[in-house]
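Visitor: Starting off with a structure, shown below.
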Amino acid sequence: MKVTLNWLKDYVDFDIPADELAHRLTMAGLEVEAYYTVDYDFSGVFVGNIVEHQSIPGSDKLSLCKVNVNNELVQVVCGAPNARKGLKSAIALPGSKVGPLDIKTADIRGQHSEGMLCSEAELGLSNRAAGIMELPPDAKIGQPIESLFAESDVVFDIAITPNRPDCLSVIGIAREIAALGGARLHKPKIELSLNAEPVSDYIDVNILNADKCFRYSGRFLKDIKIQNSPYWMARRLYLVDVRAINNVVDITNYILMETGHPLHAFDYERLEGKKIIVRTAKEKEKFTTLDEKEHILTPEDLLICDAEKPVALAGVMGGFNSEVIDSTSSVFLESAYFEPVSISRTAKNLELSTESSRRFERGADPNGTLYAMDRAAMLMQQYADATVLENTIDVYPRNVEPMNLSLTVRNTNRILGTDLHREDLETILSSIEFTITAKNDGVSVSVPTFRPDVQREIDLIEEIARLYNYDRIPTNTNPQVDLTQKSNKSSELKDYIRSVLTGLGFWETINLSLVNPQIAKPFLPEKQQFVELLNPLNTELSVFRPNMLYSLMTSVSYSRNRQFQNLRFFQVGNVAWMSPENQITEMTQIAAVITGQRKTQTWYQKPEAFDFYDIKGALFSLFDKLGVTAVKLTEAKDSFWDSTSAALSLNGRQIGAVGKLDSQVCDLFSARQDVYGFYLQFEPLFKAREKEIVFTQIPKYPSVPFDLALLVDASVPIADLEEGIWEKGGEHLIKVDLFDFYRGQQIEKNMKSVAFSLTFSSKERTLQDEYVNQVIDSILSHLRDKFGATLRPR
Amino acid sequence: MADKNENSLKAIDQIRKEFEERIQTAGSTEELDAVHRDFLSKKGKISRLFGLIGKVSPEERPRVGARLNELRQHAQSLLDEKRSSFDKQAKPVEEFDPTLPGREFPFGAIHPMMQVMDEIKTIFAGMGFRIEEGPEIETDYHNFEALNIPEFHPSRAMQDTFYLPDKMVLRTHTSPVQIRTMESQKPPVRMIAPGRCFRRDTPDASHSPTFYQVEGLCVDKNVTFADLKGVVTAFAQKLFGEDIKVRFRPSFFPFTEPSAEYDFSCFCQGKGCAVCKGTGWLEISGAGMVDPAVFGFVGYDPKLYSGYAFGMGIERIAMLKYKINDIRIFYENDIRFLEQFKMVR
Ligand SMILES: [Zn+2]
């Protein structure tokens with residue numbers, strides 16, 4: 001909402017510098033986002049009187065004007081349609097500057113031109129560009145324009161919060177300034193000369209849906225002369241970003257800005273049957289608003305109709321069929337109160353937000369209809385020669401009364417932490433025109449109907465806090481604490497995992513959760529569908545990510561496109577998908593990727609590429625740090641993996657997978673090299689983590705190592721051999737490590753050689769060789785029976 | 001006969017060339033083993049060349065023999081040289097030079113924005129706030145209605161929301177976590193909800209459709225606006241230093257009453273600079289006393305309990321802290337960006 005300093009001063013006397021005013025308004029909740037001085041430099045632009053006017057032969061538009069400026073006659077070629085003999089206008093003489101134009105003498109169509117007659121738009125005074133500026137007949141010839149018509153002003157751009165419809169008006173903001181500066185608000189007095197004809201001869205109003213239209217007031221005005229609105233009005237509207245159109249429309253807009261109450265002027269001649277009917281639309285009823293757009297309505301939308309047809313979309317926009325035009329001579333002026341939710345629905349459904357709908361949906365003042373309408377009638381009498389009928393229309397089926405509330409001193413201080421007294425409450429609330437009655441424990445308050453946001457005691461407390469000034473409320477540096485608070489283990493574990501992964505050499509990334517379904521398709525779990533937005537920004541960001549690996553791959557892609565080769569990324573975040581029954585699953589996943597080289601070329605090492613065992617190693621180091629021991633590898637099913645991959649299961653449940661990403665998937669992200677990764681569900685890890693650590697006695701007796709080298713069929717998994725060793729390892733086997741693995745020329749083609757280092761230890765004694773040999777024999781015979789493994793000769 | 005001699009010498013030269021190529025490209029000891037096997041083992045190409053000696057004329061034999069011996073020696077020495085160069089690479093250097101780079105252990109780092117998030121979590125944990133989490137895909141009820149934001153209320157238009165079928169939304173703030181926490185526990189409540197939020201904003205220098213927030217809530221008997229000012233001020237000073245001042249201004253949020261926006265004093269110490277646009281203040285976020293209507297939704301008695309809530313955008317704070325001017329860089333994960341923050345924790 002924009003307002004100007006001079007406009008505000010029409011309603012309240014104050015002498016506060018602009019920067020101080022901006023600060024005070026901001027500290028009262030009317031955030032001044034910007035303010036700027038509007039100043040003009042029109043040296044060389046004067047009031048001139050056109051004393052001769054003749055058209056230039058061979059030209060439709062151009063005319064030759066002789067302009068009197070200070071008893072000097074200046075000849076000017078002018079293209080404006082309103083240039084005419086006798087008109088006083090603004091003339092820029094050679095050497096002056098008008099906007100970007102440097103004014104010089106020139107020859108146009110063979111005629112000498114010694115300056116330029118200017119429009120308000122050219123001078124930056126209003127948006128009116130259709131003709132040259134029309135100055136009043138009493139404007140003094142030769143006066144500089146800037147001193148006469150371009151007084152400097154300050155525009156404030158204020159962000160009005162949705163709860164303050166009263167401040168979507170200059171008077172509303174002036175009221176706040178009055179409260180802040182201790183001055184009185186003086187609203188303009190209504191002065192009308194009235195015609196005694198009964199309004200019922202012209203119009204009759206019938207409200208069919210009083211639940212959506214609480215009040216409908218109106219005035220009938222005739223003998224109207226449509227012309228430009230006065231310059232001062234066009235300029236003020238221009239400064240607050242409203243386009244000047246004609247006097248009647250400008251006046252309704254001016255009063256809307258002044259009072260905050262939206263008005264609508266109908267071209268009376270185009271209303272049929274002397275009737276206004278307020279009713280809801282029929283299903284699929286069509287209506288064309290004055291911006292010439294056709295809307296298809298529903299019974300939720302409220303219409304203003306004449307005897308035959310809809311003529312306005314209530315509270316939102318007038319109709320094309322009844323707007324005020326140049327030929328309009330009588331006007332029916334509407335000033336109504338429409339129910340906020342109804343207007344909000346219509347504005348939202350039709351995507352049609354207007355100055356009017358913005359105010360009605362936030363809440364206009366139902367008891368402000370008459371004042372706004374009379375102010376507009378007054379200006380129309382003054383600036384459009386309107387004859388105003390004494391009778392008015394005022395149908396008010398749902399009377400809205402000021403709300404009566406009580407506020408206690410105790411509750412005020414209980415919420416604010418202040419030490420305010422009853423007198424403070426009285427002073428503050430009466431400064432904004434609330435009516436106060438003192439009570440024992442506080443005050444009774446009658447809240448004016450222009451403040452629909454104040455409905456409860458807490459709302460009064462807010463008014464107190466706001467006008468008392470938040471700065472003056474104490475800052476309690478010693479608030480109460482709660483010693484029973486427990487920490488959140490799940491959140492802590494996530495942070496721990498992130499910290500372990502950085503320790504393992506991974507860099508944390510954060511990526512958007514919204515992804516491209518075309519590329520993310522392989523990452524969707526089998527038989528599931530994407531969680532798809534109904535209103536995405538674009539198709540590339542239209543579904544929720546189904547797997548954290550997708551996010552990491554986008555970062556791989558970014559880096560590969562910038563020629564970075566060696567990457568280690570991880571991220572903990574949420575993924576989601578939807579079942580065929582539209583059930584949404586959202587879960588936290590941990591994922592990591594590696595690509596490029598495990599070892600880079602340095603003075604001490606040769607480059608070596610990452611492979612599966614690097615990512616697996618990182619993953620199992622993480623499991624180790626989490627105390628998660630029971631993870632098993634099974635066949636991976638996700639379609640984004642290469643065959644070099646494995647699913648991870650914990651207690652029979654799949655919790656993720658590890659492996660090499662399929663080369664076609666890598667192509668989608670232009671990786672151009674192998675990428676390995678893993679993803680894990682967080683929740684099962686949280687459940688499986690080691691809960692308590694209990695110290696185990698360190699053995700007193702030395703442990704006994706034994707190296708076991710085996711020859712076995714190449715197809716037997718290492719994990720199965722290890723399990724076989726544990727099965728027969730007895731109670732004193734404490735450790736099994738694979739320390740060598742060989743396939744190649746030294747042994748048979750379909751065989752492999754594996755060597756385990758076993759460690760035996762006992763709490764009670766030093767283990768003897770006989771014991772160990774006996775266990776080894778039993779392990780060997782077990783492995784032979786189960787896998788055909790034999791001891792490898794040395 | 002001379003032809004035959006010529007051919008033998010040609011064959012020797014060719015094998016020599018072949019060998020030299022192989023040795024040049026060999027990149028590992030395993031490959032050197034293979035080169036040895038292919039050329040110098042009993043069945044190797046060089047060894048087999050010796051079989052040619054019998055086929056050349058007797059007078060030429062010494063010359064061809066000498067050529068072959070020379071090749072064998074040359075091959076062996078090239079192989080040894082290459083092998084020892086590999087060994088040198090693998091073994092510690094002989095002469096000690098402390099200025100040679102050490103063998104560093106690889107490390108990663110926490111993303112700069114998450115570092116800020118973690119720091120904020122730590123500060124509030126230290127002030128007795130428990131971390132609470134909730135889903136990113138929320139019900140309309142938790143994200144809006146229970147926060148006193150009814151449908152078709154103008155305040156809904158303050159946030160551009162991503163909608164999903166069945167009255168689900170991507171949460172526009174982490175405030176629904178407050179609702180979920182209050183639904184599941186009785187007062188006192190002291191919590192913060194850090195997390196990812198979504199708004200339908202076209203990405204630009206200051207907007208991202210995904211962003212991070214921390215929201216805090218405290219509900220107890222006798223909790224006041226003065227407490228809110230105290231907690232937010234203490235937080236600001238722990239995060240940015242003891243000199244930071246906090247300013248509260250009236251504002252409007254449907255779930256707080258009275259509502260406030262709070263600003264931190266700018267690092268220019270009020271002189272005015274480009275970051276604060278000359279105002280001396282940095283807008284941070286919103287706060288306020290929990291609206292009794294919200295207590296109504298979760299069954300708390302507003303006559304007995306009062307509370308405050310506050311929020312903050314993590315990107316905004318991280319951008320201020322590190323003087324970053326484009327929000328999108330957080331989501332690009334350029335390693336030249338990430339590496340700048342490796343030393344922080
Ligand atoms: Zn500054």
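Identifiers for the structure tokens are assigned positionally: chains receive A, B, ... in sequence, residues are indexed from 1 per chain, and ligands are indexed from 1 in the order shown.
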Near range 444-446 of chain A, counting only C-alpha atoms, which residues have an atom at most 8 Å away, once you skip same-chain residues fewer than 2 positions from it, shown as a PyMOL selection string?
Guide: chain A and resi 402-407+434-439+442+448
Visitor: The selected residues should be written to file as a PDB file, in the first residue's frame (atoms: N, CA, C and O atoms).
Guide:
ATOM      1  N   PRO A 402     -20.468  -3.014  16.942  1.00  0.00           N
ATOM      2  CA  PRO A 402     -19.119  -3.046  17.538  1.00  0.00           C
ATOM      3  C   PRO A 402     -19.021  -4.184  18.552  1.00  0.00           C
ATOM      4  O   PRO A 402     -19.994  -4.490  19.252  1.00  0.00           O
ATOM      5  N   MET A 403     -17.879  -4.833  18.601  1.00  0.00           N
ATOM      6  CA  MET A 403     -17.705  -5.957  19.510  1.00  0.00           C
ATOM      7  C   MET A 403     -17.340  -5.436  20.891  1.00  0.00           C
ATOM      8  O   MET A 403     -16.553  -4.507  21.027  1.00  0.00           O
ATOM      9  N   ASN A 404     -17.949  -6.058  21.913  1.00  0.00           N
ATOM     10  CA  ASN A 404     -17.626  -5.664  23.284  1.00  0.00           C
ATOM     11  C   ASN A 404     -16.752  -6.726  23.928  1.00  0.00           C
ATOM     12  O   ASN A 404     -17.107  -7.901  23.975  1.00  0.00           O
ATOM     13  N   LEU A 405     -15.610  -6.298  24.397  1.00  0.00           N
ATOM     14  CA  LEU A 405     -14.644  -7.234  24.974  1.00  0.00           C
ATOM     15  C   LEU A 405     -14.201  -6.715  26.320  1.00  0.00           C
ATOM     16  O   LEU A 405     -14.291  -5.530  26.596  1.00  0.00           O
ATOM     17  N   SER A 406     -13.695  -7.653  27.157  1.00  0.00           N
ATOM     18  CA  SER A 406     -13.047  -7.135  28.359  1.00  0.00           C
ATOM     19  C   SER A 406     -11.614  -7.617  28.410  1.00  0.00           C
ATOM     20  O   SER A 406     -11.260  -8.666  27.880  1.00  0.00           O
ATOM     21  N   LEU A 407     -10.801  -6.783  29.011  1.00  0.00           N
ATOM     22  CA  LEU A 407      -9.369  -7.033  29.076  1.00  0.00           C
ATOM     23  C   LEU A 407      -8.913  -6.801  30.506  1.00  0.00           C
ATOM     24  O   LEU A 407      -9.206  -5.759  31.084  1.00  0.00           O
ATOM     25  N   PHE A 434     -10.932   3.133  20.145  1.00  0.00           N
ATOM     26  CA  PHE A 434     -11.686   2.107  20.858  1.00  0.00           C
ATOM     27  C   PHE A 434     -12.374   2.818  22.026  1.00  0.00           C
ATOM     28  O   PHE A 434     -11.800   3.713  22.634  1.00  0.00           O
ATOM     29  N   THR A 435     -13.610   2.424  22.321  1.00  0.00           N
ATOM     30  CA  THR A 435     -14.327   3.057  23.422  1.00  0.00           C
ATOM     31  C   THR A 435     -14.086   2.256  24.707  1.00  0.00           C
ATOM     32  O   THR A 435     -14.308   1.045  24.736  1.00  0.00           O
ATOM     33  N   ILE A 436     -13.640   2.938  25.743  1.00  0.00           N
ATOM     34  CA  ILE A 436     -13.166   2.259  26.943  1.00  0.00           C
ATOM     35  C   ILE A 436     -14.073   2.572  28.131  1.00  0.00           C
ATOM     36  O   ILE A 436     -14.482   3.714  28.336  1.00  0.00           O
ATOM     37  N   THR A 437     -14.380   1.557  28.934  1.00  0.00           N
ATOM     38  CA  THR A 437     -14.999   1.763  30.226  1.00  0.00           C
ATOM     39  C   THR A 437     -14.121   1.078  31.254  1.00  0.00           C
ATOM     40  O   THR A 437     -13.777  -0.095  31.085  1.00  0.00           O
ATOM     41  N   ALA A 438     -13.766   1.810  32.299  1.00  0.00           N
ATOM     42  CA  ALA A 438     -12.882   1.224  33.304  1.00  0.00           C
ATOM     43  C   ALA A 438     -13.631   0.199  34.141  1.00  0.00           C
ATOM     44  O   ALA A 438     -14.822   0.338  34.403  1.00  0.00           O
ATOM     45  N   LYS A 439     -12.956  -0.876  34.525  1.00  0.00           N
ATOM     46  CA  LYS A 439     -13.510  -1.875  35.441  1.00  0.00           C
ATOM     47  C   LYS A 439     -12.487  -2.097  36.542  1.00  0.00           C
ATOM     48  O   LYS A 439     -11.356  -1.640  36.459  1.00  0.00           O
ATOM     49  N   GLY A 442      -9.611  -4.208  35.075  1.00  0.00           N
ATOM     50  CA  GLY A 442      -9.141  -3.872  33.737  1.00  0.00           C
ATOM     51  C   GLY A 442     -10.076  -2.911  33.046  1.00  0.00           C
ATOM     52  O   GLY A 442     -10.511  -1.928  33.633  1.00  0.00           O
ATOM     53  N   PRO A 448     -14.437  -0.664  17.390  1.00  0.00           N
ATOM     54  CA  PRO A 448     -15.109  -0.185  16.188  1.00  0.00           C
ATOM     55  C   PRO A 448     -15.069  -1.227  15.070  1.00  0.00           C
ATOM     56  O   PRO A 448     -14.134  -2.027  15.000  1.00  0.00           O
TER      57      PRO A 448
END
Visitor: Please find the residues of chain A near chain B - the criterion being any atom within 7 Å, counting only C-alpha atoms - and write them as a short mmCIF file (atom, residue, chain, number, x, y, z; two decimals) with N, CA and C atoms, in the first residue's frame.
Guide:
data_model
loop_
_atom_site.label_atom_id
_atom_site.label_comp_id
_atom_site.auth_asym_id
_atom_site.auth_seq_id
_atom_site.Cartn_x
_atom_site.Cartn_y
_atom_site.Cartn_z
N THR A 26 6.87 1.48 11.20
CA THR A 26 7.41 0.13 11.19
C THR A 26 7.34 -0.49 12.59
N MET A 27 7.69 0.30 13.60
CA MET A 27 7.67 -0.22 14.96
C MET A 27 6.25 -0.40 15.49
N ALA A 28 5.26 0.10 14.77
CA ALA A 28 3.86 -0.12 15.16
C ALA A 28 3.23 -1.21 14.31
N GLY A 29 4.02 -1.90 13.48
CA GLY A 29 3.49 -3.01 12.71
C GLY A 29 3.11 -2.65 11.29
N THR A 161 -0.10 -6.02 6.77
CA THR A 161 -0.35 -7.43 7.07
C THR A 161 -1.83 -7.75 6.83
N PRO A 162 -2.14 -9.02 6.51
CA PRO A 162 -3.51 -9.36 6.10
C PRO A 162 -4.56 -9.11 7.18
N ASN A 163 -4.14 -8.94 8.43
CA ASN A 163 -5.12 -8.71 9.49
C ASN A 163 -5.54 -7.26 9.61
N VAL A 341 -15.03 -14.43 3.26
CA VAL A 341 -14.67 -15.73 2.70
C VAL A 341 -15.25 -15.91 1.29
N SER A 344 -13.12 -14.02 -1.06
CA SER A 344 -11.83 -14.68 -1.16
C SER A 344 -11.90 -15.90 -2.08
N ARG A 345 -12.97 -16.68 -1.93
CA ARG A 345 -13.16 -17.86 -2.79
C ARG A 345 -13.24 -17.47 -4.25
N GLU A 361 -11.93 -9.22 1.11
CA GLU A 361 -11.57 -10.53 1.68
C GLU A 361 -10.85 -10.39 3.01
N ARG A 362 -10.26 -9.23 3.26
CA ARG A 362 -9.64 -9.00 4.57
C ARG A 362 -10.64 -8.41 5.57
N ARG A 414 0.45 -11.07 32.12
CA ARG A 414 0.77 -12.50 32.09
C ARG A 414 1.32 -12.89 30.72
N ILE A 415 0.79 -12.30 29.68
CA ILE A 415 1.25 -12.63 28.33
C ILE A 415 2.49 -11.82 27.95
N LEU A 416 2.53 -10.57 28.33
CA LEU A 416 3.60 -9.71 27.84
C LEU A 416 4.83 -9.68 28.75
N GLY A 417 4.65 -10.06 30.01
CA GLY A 417 5.78 -9.95 30.93
C GLY A 417 6.09 -8.51 31.29
N ILE A 458 -6.98 -11.52 23.59
CA ILE A 458 -5.59 -11.59 23.14
C ILE A 458 -5.32 -10.57 22.04
N ASP A 459 -6.37 -10.28 21.23
CA ASP A 459 -6.18 -9.29 20.17
C ASP A 459 -6.00 -7.89 20.77
N GLU A 462 -2.50 -7.66 21.97
CA GLU A 462 -1.59 -7.33 20.87
C GLU A 462 -1.58 -5.82 20.58
N ARG A 466 1.70 -3.56 20.76
CA ARG A 466 2.12 -2.89 19.54
C ARG A 466 2.28 -1.39 19.76
N TYR A 470 7.19 -2.65 21.25
CA TYR A 470 7.89 -3.89 21.64
C TYR A 470 9.23 -3.60 22.31
N ASP A 471 9.86 -2.49 21.91
CA ASP A 471 11.15 -2.13 22.51
C ASP A 471 11.05 -1.93 24.02
N ILE A 473 8.97 -3.51 26.04
CA ILE A 473 8.69 -4.75 26.77
C ILE A 473 10.03 -5.31 27.25
N PRO A 474 10.12 -5.73 28.53
CA PRO A 474 11.43 -6.17 29.03
C PRO A 474 11.95 -7.41 28.29
N THR A 475 13.25 -7.62 28.35
CA THR A 475 13.90 -8.81 27.80
C THR A 475 14.32 -9.68 28.97
N ASN A 476 13.67 -10.82 29.13
CA ASN A 476 13.94 -11.67 30.29
C ASN A 476 15.08 -12.62 29.97
N THR A 477 16.24 -12.36 30.55
CA THR A 477 17.40 -13.20 30.24
C THR A 477 17.49 -14.40 31.18
N PRO A 479 14.79 -16.93 31.89
CA PRO A 479 13.47 -17.58 31.88
C PRO A 479 13.50 -18.95 32.59
N VAL A 481 13.32 -22.94 33.24
CA VAL A 481 13.82 -24.08 32.47
C VAL A 481 13.05 -25.33 32.90
N ASP A 482 13.24 -26.41 32.14
CA ASP A 482 12.57 -27.67 32.42
C ASP A 482 13.63 -28.75 32.46
N GLN A 485 13.52 -32.48 30.46
CA GLN A 485 13.67 -32.61 29.01
C GLN A 485 14.62 -33.75 28.62
N LYS A 486 14.18 -34.58 27.68
CA LYS A 486 15.05 -35.67 27.19
C LYS A 486 15.55 -35.33 25.80
N SER A 487 16.74 -35.86 25.48
CA SER A 487 17.26 -35.57 24.14
C SER A 487 16.62 -36.50 23.12
N ASN A 488 16.73 -36.11 21.87
CA ASN A 488 16.13 -36.88 20.78
C ASN A 488 17.19 -37.78 20.15
N THR A 502 31.71 -37.97 7.14
CA THR A 502 32.73 -36.97 6.78
C THR A 502 34.10 -37.50 7.20
N GLY A 503 34.16 -38.21 8.32
CA GLY A 503 35.42 -38.80 8.76
C GLY A 503 35.93 -39.85 7.78
N LEU A 504 35.01 -40.52 7.09
CA LEU A 504 35.40 -41.53 6.11
C LEU A 504 35.75 -40.89 4.76
N GLY A 505 35.70 -39.58 4.72
CA GLY A 505 36.16 -38.91 3.49
C GLY A 505 35.05 -38.44 2.57
N PHE A 506 33.81 -38.47 3.03
CA PHE A 506 32.70 -38.05 2.17
C PHE A 506 32.31 -36.60 2.45
N TRP A 507 31.90 -35.91 1.39
CA TRP A 507 31.45 -34.52 1.50
C TRP A 507 29.93 -34.48 1.49
N GLU A 508 29.38 -33.74 2.44
CA GLU A 508 27.92 -33.64 2.52
C GLU A 508 27.40 -32.70 1.44
N THR A 509 26.35 -33.13 0.76
CA THR A 509 25.69 -32.24 -0.20
C THR A 509 24.26 -32.02 0.27
N ILE A 510 23.63 -30.94 -0.24
CA ILE A 510 22.18 -30.83 -0.09
C ILE A 510 21.60 -30.54 -1.47
N ASN A 511 20.57 -31.25 -1.82
CA ASN A 511 19.96 -31.10 -3.14
C ASN A 511 18.48 -30.85 -2.98
N LEU A 512 17.87 -30.36 -4.03
CA LEU A 512 16.42 -30.14 -4.00
C LEU A 512 15.71 -31.49 -3.83
N SER A 513 14.58 -31.48 -3.14
CA SER A 513 13.80 -32.72 -2.98
C SER A 513 12.94 -32.99 -4.20
N GLU A 532 3.53 -37.00 -6.78
CA GLU A 532 3.55 -35.99 -7.83
C GLU A 532 2.84 -34.73 -7.38
N LEU A 533 3.45 -33.58 -7.61
CA LEU A 533 2.83 -32.32 -7.21
C LEU A 533 1.67 -32.00 -8.13
N LEU A 534 0.62 -31.40 -7.55
CA LEU A 534 -0.51 -30.96 -8.38
C LEU A 534 -0.17 -29.66 -9.10
N ASN A 535 0.71 -28.85 -8.49
CA ASN A 535 1.04 -27.55 -9.08
C ASN A 535 2.54 -27.33 -9.13
N PRO A 536 3.27 -28.17 -9.89
CA PRO A 536 4.74 -28.02 -9.93
C PRO A 536 5.13 -26.72 -10.63
N LEU A 537 6.35 -26.26 -10.34
CA LEU A 537 6.88 -25.10 -11.04
C LEU A 537 7.14 -25.43 -12.50
N SER A 555 24.52 -34.22 -8.12
CA SER A 555 25.76 -33.53 -7.75
C SER A 555 26.96 -34.09 -8.50
N SER A 559 29.42 -31.89 -11.02
CA SER A 559 30.89 -31.87 -10.93
C SER A 559 31.55 -32.42 -12.18
N TYR A 604 54.26 -40.64 -4.16
CA TYR A 604 54.44 -41.94 -3.52
C TYR A 604 53.47 -43.01 -4.01
N GLN A 605 52.55 -42.66 -4.89
CA GLN A 605 51.63 -43.70 -5.34
C GLN A 605 51.16 -43.48 -6.76
#
Visitor: If you count only C-alpha atoms and all ligand atoms, which residues end up within 7 Å of ligand 1, as a ChimeraX atom specification?
Guide: /B:266-281
Visitor: Tell me which protein, DNA and RNA residues are within 10 Å of Ile12 in chain B, counting only C-alpha atoms, leaving out same-chain ones fewer than 4 positions away, and put them as JSON, numbers by chain.
Guide: {"B": [7, 8, 16, 17, 18, 45, 46, 49, 50, 52, 64, 67, 68, 71]}
Visitor: Give me the residues near Asn750 in chain A as a list in words, where near means some atom within 10 Å (using only C-alpha atoms) and where sequence neighbours in that chain fewer than 6 positions away do not count.
Guide: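 Those residues are Val712, Asp713, Ala714, Ser715, Arg743 and Gly744 of chain A.
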